[in-house]
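Text of the file upload_28.cif, holding mmCIF, C-alpha atoms and all ligand atoms:
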data_model
loop_
_atom_site.label_atom_id
_atom_site.label_comp_id
_atom_site.auth_asym_id
_atom_site.auth_seq_id
_atom_site.Cartn_x
_atom_site.Cartn_y
_atom_site.Cartn_z
CA MET A 1 0.00 0.00 0.00
CA ASN A 2 1.32 3.49 -0.81
CA ASP A 3 1.36 6.11 1.86
CA VAL A 4 -0.23 9.43 1.05
CA ALA A 5 0.24 12.95 2.39
CA HIS A 6 -1.35 13.56 5.79
CA PRO A 7 -3.28 16.79 6.21
CA PHE A 8 -3.14 18.41 9.64
CA SER A 9 -4.68 21.66 10.71
CA ASN A 10 -2.80 24.83 11.41
CA ASN A 11 -3.25 27.10 14.43
CA ASN A 12 -6.32 28.65 12.82
CA GLY A 13 -7.94 25.27 12.39
CA ASP A 14 -7.59 25.45 8.59
CA ALA A 15 -6.51 22.33 6.74
CA CYS A 16 -2.87 22.42 5.74
CA ASP A 17 0.00 20.08 5.10
CA ALA A 18 1.48 18.35 8.12
CA PRO A 19 4.63 19.76 9.70
CA THR A 20 7.48 18.12 7.95
CA LEU A 21 11.03 17.01 8.54
CA ALA A 22 13.10 16.42 5.40
CA GLY A 23 9.85 16.52 3.46
CA LYS A 24 8.11 13.91 5.65
CA SER A 25 5.13 14.35 7.94
CA ILE A 26 5.88 13.93 11.63
CA LEU A 27 3.91 11.41 13.67
CA THR A 28 4.16 11.00 17.42
CA PHE A 29 3.58 7.77 19.28
CA SER A 30 0.73 9.45 21.06
CA ALA A 31 -1.05 10.17 17.74
CA LEU A 32 -0.52 6.63 16.49
CA ASN A 33 -1.68 5.14 19.75
CA THR A 34 -4.74 7.36 19.82
CA PHE A 35 -5.66 6.15 16.33
CA ARG A 36 -5.17 2.52 17.37
CA ASN A 37 -7.38 2.92 20.46
CA CYS A 38 -10.15 4.91 18.78
CA PRO A 39 -9.95 6.30 15.21
CA ARG A 40 -12.69 8.83 16.03
CA LYS A 41 -10.68 10.15 18.96
CA TYR A 42 -7.75 10.59 16.59
CA LYS A 43 -9.95 12.67 14.30
CA HIS A 44 -11.16 14.87 17.16
CA ARG A 45 -7.70 15.42 18.55
CA TYR A 46 -5.35 15.45 15.58
CA LEU A 47 -7.47 16.49 12.59
CA ASP A 48 -10.06 18.77 14.20
CA ASN A 49 -7.50 19.87 16.86
CA LEU A 50 -10.03 19.78 19.72
CA ARG A 51 -8.61 19.99 23.22
CA PRO A 52 -10.74 19.97 26.40
CA ARG A 53 -10.74 23.37 28.05
CA GLU A 54 -10.42 21.87 31.57
CA LYS A 55 -7.13 20.10 32.17
CA PRO A 56 -7.58 17.14 34.57
CA GLU A 57 -5.97 17.93 37.93
CA SER A 58 -3.96 14.69 37.87
CA LEU A 59 -2.35 15.69 34.57
CA ALA A 60 -1.52 19.17 35.87
CA PHE A 61 0.11 17.68 38.98
CA GLY A 62 2.06 15.12 36.94
CA SER A 63 3.39 17.78 34.62
CA VAL A 64 4.60 19.99 37.50
CA ILE A 65 6.46 17.04 39.06
CA HIS A 66 7.84 16.07 35.68
CA SER A 67 9.22 19.58 35.11
CA ALA A 68 10.58 19.67 38.67
CA ILE A 69 12.53 16.43 38.12
CA GLU A 70 13.79 17.74 34.79
CA LEU A 71 15.08 20.88 36.52
CA TRP A 72 16.65 18.74 39.27
CA TYR A 73 18.71 16.71 36.80
CA ARG A 74 19.59 19.72 34.68
CA SER A 75 20.94 21.59 37.74
CA THR A 76 23.43 19.06 39.10
CA ALA A 77 26.11 21.78 39.27
CA ASP A 78 23.86 24.07 41.36
CA SER A 79 24.71 23.71 45.06
CA ASN A 80 21.27 25.12 45.91
CA ARG A 81 19.38 23.00 43.47
CA LEU A 82 16.78 21.78 45.96
CA TRP A 83 15.79 25.39 46.66
CA THR A 84 15.81 26.15 42.94
CA VAL A 85 13.35 23.32 42.34
CA LEU A 86 11.15 24.12 45.35
CA ASP A 87 11.04 27.74 44.17
CA PHE A 88 9.96 26.50 40.74
CA ILE A 89 7.16 24.47 42.38
CA ASP A 90 6.05 27.53 44.39
CA GLN A 91 5.78 29.53 41.16
CA GLN A 92 3.43 26.96 39.63
CA PHE A 93 0.78 27.62 42.30
CA PRO A 94 0.47 31.41 42.49
CA LEU A 95 -3.09 31.29 43.91
CA ARG A 96 -2.35 28.84 46.73
CA ALA A 97 -3.15 31.41 49.43
CA SER A 98 -6.74 31.80 48.19
CA ASP A 99 -7.44 28.59 46.24
CA ASP A 100 -7.79 25.41 48.32
CA ALA A 101 -7.25 23.08 45.34
CA GLN A 102 -3.99 24.83 44.42
CA LYS A 103 -2.86 24.76 48.04
CA ALA A 104 -3.48 21.01 48.33
CA THR A 105 -1.54 20.28 45.11
CA TRP A 106 1.24 22.67 46.09
CA ASN A 107 1.67 21.00 49.49
CA LEU A 108 1.78 17.57 47.87
CA ALA A 109 4.20 18.60 45.09
CA ARG A 110 6.59 20.26 47.55
CA ALA A 111 6.63 17.37 49.99
CA MET A 112 6.94 14.80 47.22
CA PHE A 113 9.88 16.59 45.66
CA ALA A 114 11.66 17.27 48.96
CA GLY A 115 11.29 13.55 49.75
CA TYR A 116 12.60 12.62 46.30
CA ALA A 117 15.65 14.87 46.66
CA ASP A 118 16.40 13.30 50.02
CA ARG A 119 15.95 9.71 48.79
CA TYR A 120 18.06 10.20 45.66
CA ALA A 121 20.67 12.64 46.95
CA THR A 122 23.19 10.29 45.32
CA GLU A 123 22.34 8.17 42.27
CA ASP A 124 23.70 4.90 40.91
CA PHE A 125 23.71 6.39 37.41
CA GLU A 126 25.12 9.37 35.58
CA ILE A 127 22.91 11.59 33.46
CA VAL A 128 23.59 11.43 29.72
CA GLU A 129 20.59 13.42 28.41
CA VAL A 130 17.58 15.18 29.92
CA GLU A 131 14.34 15.68 27.95
CA LEU A 132 15.83 14.67 24.63
CA PRO A 133 13.67 15.14 21.50
CA PHE A 134 14.36 12.77 18.60
CA THR A 135 13.07 11.66 15.22
CA GLY A 136 13.39 8.23 13.60
CA GLU A 137 12.36 6.42 10.42
CA ILE A 138 9.24 4.25 10.30
CA ARG A 139 10.22 1.24 8.19
CA ASN A 140 8.36 -1.34 6.18
CA PRO A 141 9.32 -4.57 8.01
CA ASP A 142 9.22 -6.59 4.76
CA THR A 143 11.54 -4.37 2.72
CA ASN A 144 13.24 -2.34 5.47
CA ARG A 145 12.60 0.75 3.36
CA PRO A 146 11.65 3.88 5.26
CA SER A 147 8.20 5.34 4.83
CA GLN A 148 8.26 8.05 2.17
CA THR A 149 5.58 9.97 4.03
CA PHE A 150 6.14 9.66 7.78
CA VAL A 151 8.86 10.07 10.31
CA MET A 152 8.35 9.33 14.01
CA ALA A 153 9.07 12.00 16.62
CA GLY A 154 9.17 11.81 20.38
CA LYS A 155 10.85 13.09 23.50
CA VAL A 156 12.33 11.01 26.32
CA ASP A 157 12.54 12.09 29.97
CA GLY A 158 16.17 11.09 30.25
CA ILE A 159 19.00 8.79 29.27
CA VAL A 160 21.33 7.56 32.02
CA LYS A 161 24.40 5.37 32.25
CA ARG A 162 24.86 2.73 34.93
CA SER A 163 27.78 0.34 35.41
CA ASP A 164 25.92 -2.30 33.34
CA GLY A 165 24.88 -0.07 30.43
CA MET A 166 22.64 2.71 29.18
CA TYR A 167 18.96 3.09 30.15
CA LEU A 168 16.02 5.29 29.35
CA LEU A 169 14.77 7.08 32.46
CA GLU A 170 10.99 7.50 32.59
CA HIS A 171 9.26 9.43 35.39
CA LYS A 172 5.81 8.47 36.63
CA THR A 173 3.56 9.60 39.46
CA ALA A 174 1.18 6.93 40.76
CA SER A 175 -1.59 6.59 43.33
CA SER A 176 -0.43 3.10 44.29
CA ILE A 177 2.38 0.79 43.29
CA ASP A 178 1.22 -2.82 43.34
CA ALA A 179 1.96 -5.92 41.27
CA ASN A 180 -0.62 -4.87 38.65
CA TYR A 181 0.97 -1.47 38.26
CA LEU A 182 4.42 -2.98 37.80
CA ASP A 183 3.11 -5.57 35.33
CA LYS A 184 1.54 -2.79 33.29
CA LEU A 185 4.91 -1.14 32.84
CA TRP A 186 5.91 -4.08 30.68
CA THR A 187 3.14 -3.14 28.25
CA ASP A 188 4.49 0.39 27.83
CA THR A 189 4.89 0.28 24.06
CA GLN A 190 5.86 3.92 23.75
CA ILE A 191 9.02 3.61 25.79
CA ALA A 192 10.08 0.39 24.07
CA LEU A 193 9.59 2.09 20.71
CA TYR A 194 11.54 5.15 21.80
CA SER A 195 14.37 2.85 22.91
CA PHE A 196 14.40 1.32 19.44
CA HIS A 197 14.73 4.74 17.77
CA LEU A 198 17.38 5.93 20.21
CA ARG A 199 19.45 2.85 19.48
CA GLN A 200 19.30 3.81 15.80
CA LEU A 201 20.61 7.23 16.80
CA GLY A 202 23.64 5.72 18.57
CA PHE A 203 22.45 5.36 22.18
CA PRO A 204 22.98 1.67 23.15
CA ILE A 205 19.87 1.45 25.36
CA ILE A 206 19.58 -1.89 27.17
CA GLY A 207 16.52 -1.18 29.29
CA VAL A 208 14.22 1.30 30.99
CA ILE A 209 14.31 2.61 34.55
CA TYR A 210 10.82 3.61 35.64
CA ASN A 211 11.19 6.28 38.28
CA VAL A 212 7.88 6.04 40.17
CA LEU A 213 6.80 8.64 42.75
CA LEU A 214 3.81 7.77 44.90
CA LYS A 215 1.09 10.34 45.57
CA SER A 216 0.28 10.56 49.28
CA ARG A 217 -3.41 10.50 50.18
CA LEU A 218 -2.87 12.52 53.34
CA GLN A 219 -5.16 15.53 53.62
CA GLN A 220 -4.53 18.78 55.45
CA LYS A 221 -6.79 18.90 58.53
CA THR A 222 -9.40 21.63 58.17
CA GLY A 223 -10.29 21.85 61.86
CA GLU A 224 -13.77 22.36 63.35
CA THR A 225 -16.24 25.17 62.85
CA GLU A 226 -17.57 26.78 66.03
CA ALA A 227 -20.84 24.85 65.57
CA GLU A 228 -19.09 21.50 65.09
CA TYR A 229 -16.98 22.11 68.15
CA GLU A 230 -20.02 23.05 70.23
CA ALA A 231 -21.87 19.89 69.13
CA ARG A 232 -18.89 17.70 70.01
CA ARG A 233 -18.35 19.46 73.33
CA LEU A 234 -22.01 18.95 74.33
CA GLU A 235 -21.87 15.27 73.33
CA LEU A 236 -18.74 14.68 75.43
CA ALA A 237 -20.19 16.63 78.35
CA ALA A 238 -23.35 14.50 78.26
CA LYS A 239 -21.23 11.37 78.64
CA ASN A 240 -19.35 12.83 81.58
CA LYS A 241 -20.78 12.43 85.11
CA SER A 242 -19.82 16.03 85.93
CA GLY A 243 -21.77 17.28 82.90
CA ARG A 244 -18.69 19.15 81.71
CA SER A 245 -16.08 18.64 79.02
CA THR A 246 -12.48 19.82 78.67
CA ALA A 247 -12.54 19.33 74.87
CA LYS A 248 -10.73 22.04 72.90
CA ARG A 249 -11.73 23.25 69.48
CA GLN A 250 -9.68 21.56 66.73
CA MET A 251 -8.00 24.29 64.68
CA PRO A 252 -6.98 24.02 60.98
CA GLU A 253 -3.59 22.36 60.45
CA SER A 254 -0.92 24.87 59.42
CA ASP A 255 1.04 24.38 56.20
CA GLU A 256 4.19 23.80 58.31
CA ASP A 257 2.53 21.02 60.34
CA PHE A 258 1.04 19.44 57.25
CA GLN A 259 4.42 19.56 55.47
CA ALA A 260 6.00 17.85 58.50
CA ARG A 261 3.39 15.06 58.34
CA LEU A 262 3.91 14.68 54.60
CA ALA A 263 7.70 14.63 55.08
CA GLN A 264 7.31 11.68 57.47
CA TRP A 265 5.15 9.94 54.90
CA TYR A 266 7.71 10.54 52.12
CA ALA A 267 10.52 9.17 54.31
CA ARG A 268 8.92 5.69 54.03
CA PRO A 269 10.77 3.33 51.66
CA GLU A 270 7.63 2.59 49.59
CA ALA A 271 7.04 6.26 48.70
CA PHE A 272 9.47 5.96 45.76
CA HIS A 273 10.23 3.03 43.51
CA ARG A 274 12.65 2.31 40.68
CA GLU A 275 11.66 -0.52 38.37
CA HIS A 276 14.21 -1.81 35.84
CA ILE A 277 12.88 -3.45 32.68
CA TYR A 278 15.16 -4.98 30.08
CA LEU A 279 14.29 -4.85 26.38
CA SER A 280 14.17 -7.96 24.23
CA GLU A 281 15.16 -7.84 20.56
CA ASP A 282 12.04 -9.82 19.60
CA ARG A 283 9.78 -7.30 21.24
CA LEU A 284 11.47 -4.38 19.49
CA ALA A 285 11.14 -6.10 16.09
CA MET A 286 7.46 -6.83 16.76
CA LEU A 287 6.88 -3.19 17.64
CA GLN A 288 8.28 -2.03 14.32
CA GLU A 289 5.85 -4.29 12.56
CA GLU A 290 2.94 -3.00 14.66
CA VAL A 291 3.81 0.63 14.00
CA TRP A 292 3.99 0.04 10.27
CA GLU A 293 0.61 -1.71 10.27
CA ILE A 294 -1.02 1.10 12.23
CA THR A 295 0.31 3.71 9.82
CA GLN A 296 -1.15 1.68 6.93
CA GLN A 297 -4.53 1.39 8.66
CA TYR A 298 -4.43 5.09 9.35
CA LEU A 299 -3.73 5.90 5.70
CA ASP A 300 -6.61 3.67 4.69
CA ALA A 301 -9.00 5.42 7.11
CA ARG A 302 -7.80 8.78 5.85
CA ARG A 303 -8.24 7.86 2.20
CA ARG A 304 -11.76 6.55 2.81
CA GLY A 305 -12.72 9.26 5.32
CA LYS A 306 -13.87 6.61 7.84
CA TRP A 307 -13.16 7.33 11.51
CA LEU A 308 -14.79 4.55 13.49
CA LEU A 309 -15.92 5.01 17.11
CA ASN A 310 -14.38 2.43 19.41
CA THR A 311 -16.88 2.63 22.27
CA SER A 312 -15.02 -0.03 24.27
CA ASN A 313 -12.38 2.65 24.80
CA CYS A 314 -14.70 5.34 26.21
CA PHE A 315 -13.95 4.46 29.86
CA SER A 316 -10.42 3.13 29.76
CA TYR A 317 -8.01 4.28 32.51
CA GLN A 318 -10.96 4.36 34.96
CA ARG A 319 -12.19 7.70 33.64
CA PRO A 320 -14.38 8.85 30.78
CA CYS A 321 -12.74 9.80 27.51
CA GLU A 322 -12.25 13.57 27.19
CA PHE A 323 -14.45 13.51 24.07
CA LEU A 324 -17.35 11.57 25.60
CA PRO A 325 -19.74 14.59 25.76
CA TYR A 326 -18.98 15.41 22.14
CA CYS A 327 -19.54 11.85 20.89
CA GLN A 328 -22.67 11.53 23.06
CA SER A 329 -24.05 14.72 21.50
CA GLY A 330 -23.69 13.25 18.01
CA PHE A 331 -20.88 15.77 17.29
CA ASN A 332 -22.99 18.81 18.02
CA PRO A 333 -20.92 21.89 17.09
CA ASN A 334 -22.29 23.81 20.10
CA VAL A 335 -20.84 21.15 22.42
CA ALA A 336 -17.51 21.46 20.64
CA ASP A 337 -17.60 25.26 21.01
CA ASN A 338 -18.49 25.12 24.71
CA LEU A 339 -16.16 22.39 25.91
CA TYR A 340 -13.10 22.47 23.65
CA ASP A 341 -10.43 24.81 22.36
CA ILE A 342 -8.72 24.49 19.01
CA THR A 343 -5.09 23.69 19.83
CA PRO A 344 -2.35 22.48 17.51
CA PRO A 345 -1.44 18.82 18.11
CA HIS A 346 1.81 17.29 19.40
CA GLU A 347 2.35 19.79 22.21
CA GLU A 348 4.19 17.00 24.06
CA LEU A 349 7.12 17.76 21.76
CA THR A 350 7.29 21.43 22.60
CA ASN A 351 10.06 22.58 24.90
CA ALA A 352 11.09 26.15 25.35
CA ASP A 353 14.64 25.07 26.21
CA SER A 354 15.27 22.87 23.23
CA ASP A 355 15.45 23.01 19.48
CA ALA A 356 12.63 20.48 19.20
CA PRO A 357 10.22 21.21 16.36
CA ILE A 358 7.04 22.82 17.64
CA PHE A 359 3.87 21.74 15.87
S1 LIG A 401 -15.87 8.94 23.61
FE1 LIG A 401 -15.46 6.86 22.98
S2 LIG A 401 -15.99 6.81 20.80
FE2 LIG A 401 -15.80 8.96 21.38
S3 LIG A 401 -13.71 9.51 20.90
FE3 LIG A 401 -13.73 8.86 23.03
S4 LIG A 401 -13.20 6.69 22.99
FE4 LIG A 401 -13.82 7.27 20.93
#
Translate this structure into structure tokens?
Amino acid sequence: MNDVAHPFSNNNGDACDAPTLAGKSILTFSALNTFRNCPRKYKHRYLDNLRPREKPESLAFGSVIHSAIELWYRSTADSNRLWTVLDFIDQQFPLRASDDAQKATWNLARAMFAGYADRYATEDFEIVEVELPFTGEIRNPDTNRPSQTFVMAGKVDGIVKRSDGMYLLEHKTASSIDANYLDKLWTDTQIALYSFHLRQLGFPIIGVIYNVLLKSRLQQKTGETEAEYEARRLELAAKNKSGRSTAKRQMPESDEDFQARLAQWYARPEAFHREHIYLSEDRLAMLQEEVWEITQQYLDARRRGKWLLNTSNCFSYQRPCEFLPYCQSGFNPNVADNLYDITPPHEELTNADSDAPIF
């Protein structure tokens, strides 16, 4: 099957040719994977450029921690680097004094990072690259010829060198780390594929280190209102033979006290985890084949203008798909206007500090 040119939309939402590299259109793993999971979702996201206006809180938190770790490894020569990173975290939550949600996330991000810096004050690896963007050929597995239309692009969190070889470093925040979570890491096709491309670029990657940071569920104590205190005091007094109670009103927990409680929590061994996964040659070869097949299916869908809805994917990852209201409305343009912005795709490749192409 021949590949054909892939139209994207520009910032104005008008159809235009895809961003190119050496005359080829750039695909990210995220776009390919979206198409594989639900072709209709691909259309919403990458052809119509729809992006939900509300960013899920969990994503916002993950991206702050991700940037904080990036800064941490970029500033190894800075003797005050912990303060540099904590200052960066403070700047991400400018409304924390008046916004309870921001305050809760700020407290968690600060404590998590301070705990991380303490746990990994010395590392068993040296940093080779931080946030490295790359591009690589997508090849026909039968002929080994590169696609004439597409080139794959991505960005890795880090590349590190240990005594036994070179690894990709991938950061993750998680609500719990159990056997299921660790098993799922094996199915992380994106990272295996990135490893394949980085090998082609001269990095002899032998495996992946998943750098997992656990999210504490501790909550800052809000204290009692006057009415709650009075009700509790009366209840205790009624149980007391003297008819009196020495109960004191519980006051809101200060940020300092809450940080101290979180610090204790993050001093526990299970708060951070490093999982090492080695890459097999068979798996990497299979991935190449899969990627090629998906690009061919994509081209077919594009040529025929058929973007199927995969409704079995609407509630994956224990949450509704971001486009559920739009699909449920039968693609009502008013729903699109109210709930989504038009945003150029592939923002995961943007990086103000790098020369990565921005699409
Ligand atoms: S709501 Fe379901 S059908 Fe619609 S784009 Fe999302 S996954 Fe696909």
Tell me, counting all atoms listed in the file, for each residue of chain A within 8 Å of ligand LIG 401 (chain A), which pair of atoms is nearest and how far apart they are in Å to one decimal, in rows ordered by chain and increasing number, as JSON lines.
{"residue": "A:Asn37", "atom": "CA", "partner": "A:LIG401", "partner_atom": "S4", "distance": 7.4}
{"residue": "A:Cys38", "atom": "CA", "partner": "A:LIG401", "partner_atom": "FE4", "distance": 4.9}
{"residue": "A:Pro39", "atom": "CA", "partner": "A:LIG401", "partner_atom": "FE4", "distance": 7.0}
{"residue": "A:Arg40", "atom": "CA", "partner": "A:LIG401", "partner_atom": "S3", "distance": 5.0}
{"residue": "A:Lys41", "atom": "CA", "partner": "A:LIG401", "partner_atom": "S3", "distance": 3.7}
{"residue": "A:Tyr42", "atom": "CA", "partner": "A:LIG401", "partner_atom": "S3", "distance": 7.4}
{"residue": "A:His44", "atom": "CA", "partner": "A:LIG401", "partner_atom": "S3", "distance": 7.0}
{"residue": "A:Leu308", "atom": "CA", "partner": "A:LIG401", "partner_atom": "S2", "distance": 7.7}
{"residue": "A:Leu309", "atom": "CA", "partner": "A:LIG401", "partner_atom": "S2", "distance": 4.1}
{"residue": "A:Asn310", "atom": "CA", "partner": "A:LIG401", "partner_atom": "S2", "distance": 4.9}
{"residue": "A:Thr311", "atom": "CA", "partner": "A:LIG401", "partner_atom": "FE1", "distance": 4.5}
{"residue": "A:Ser312", "atom": "CA", "partner": "A:LIG401", "partner_atom": "FE1", "distance": 7.0}
{"residue": "A:Asn313", "atom": "CA", "partner": "A:LIG401", "partner_atom": "S4", "distance": 4.5}
{"residue": "A:Cys314", "atom": "CA", "partner": "A:LIG401", "partner_atom": "FE1", "distance": 3.6}
{"residue": "A:Phe315", "atom": "CA", "partner": "A:LIG401", "partner_atom": "S4", "distance": 7.3}
{"residue": "A:Pro320", "atom": "CA", "partner": "A:LIG401", "partner_atom": "S1", "distance": 7.3}
{"residue": "A:Cys321", "atom": "CA", "partner": "A:LIG401", "partner_atom": "FE3", "distance": 4.7}
{"residue": "A:Glu322", "atom": "CA", "partner": "A:LIG401", "partner_atom": "FE3", "distance": 6.5}
{"residue": "A:Phe323", "atom": "CA", "partner": "A:LIG401", "partner_atom": "S1", "distance": 4.8}
{"residue": "A:Leu324", "atom": "CA", "partner": "A:LIG401", "partner_atom": "S1", "distance": 3.6}
{"residue": "A:Pro325", "atom": "CA", "partner": "A:LIG401", "partner_atom": "S1", "distance": 7.2}
{"residue": "A:Tyr326", "atom": "CA", "partner": "A:LIG401", "partner_atom": "FE2", "distance": 7.2}
{"residue": "A:Cys327", "atom": "CA", "partner": "A:LIG401", "partner_atom": "FE2", "distance": 4.8}
{"residue": "A:Gln328", "atom": "CA", "partner": "A:LIG401", "partner_atom": "S1", "distance": 7.3}
Exercise for review: Tell me which protein, DNA and RNA residues are within 12 Å of Pro269 (chain A), counting all atoms listed in the file, leaving out same-chain ones fewer than 3 positions away, and put them as a PyMOL selection string.
Suggested key: chain A and resi 115-116+118-120+213-214+264-266+272-274
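Take the candidates A:Glu253, A:Asp183, A:Glu281, A:Asp341 and check each one against Ile205 (chain A) using only C-alpha atoms; the shortest distance goes to A:Glu281.
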Exercise for review: Using only C-alpha atoms, find the one residue out of A:Asn211, A:Thr173, A:Thr135, A:Gln297 that sits nearest to Arg199 (chain A).
Suggested key: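 For Arg199 (chain A), the nearest of the given residues is A:Thr135.
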Check your understanding: Of the candidates A:Trp83, A:Gly165, A:Ser67, A:Tyr73, which one gets nearest to Thr122 (chain A) if we count all atoms listed in the file?
Key ->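 The closest residue to Thr122 (chain A) is A:Tyr73.
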Exercise for review: Between CA of Asp255 (chain A) and CA of Val212 (chain A), measure the distance and give it in Å to one decimal.
Suggested key: 25.3 Å
Exercise for review: Using only C-alpha atoms, pick whichever of A:Thr76, A:Asn240, A:Gln148, A:Ser280 has the shortest atom-to-atom distance to Phe196 (chain A).
Suggested key: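 Checking each candidate against Phe196 (chain A), we get A:Ser280 as the closest.
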Point to revise | CA of Leu71 (chain A) to CA of Asp100 (chain A), straight-line distance in Å | key: 26.1 Å
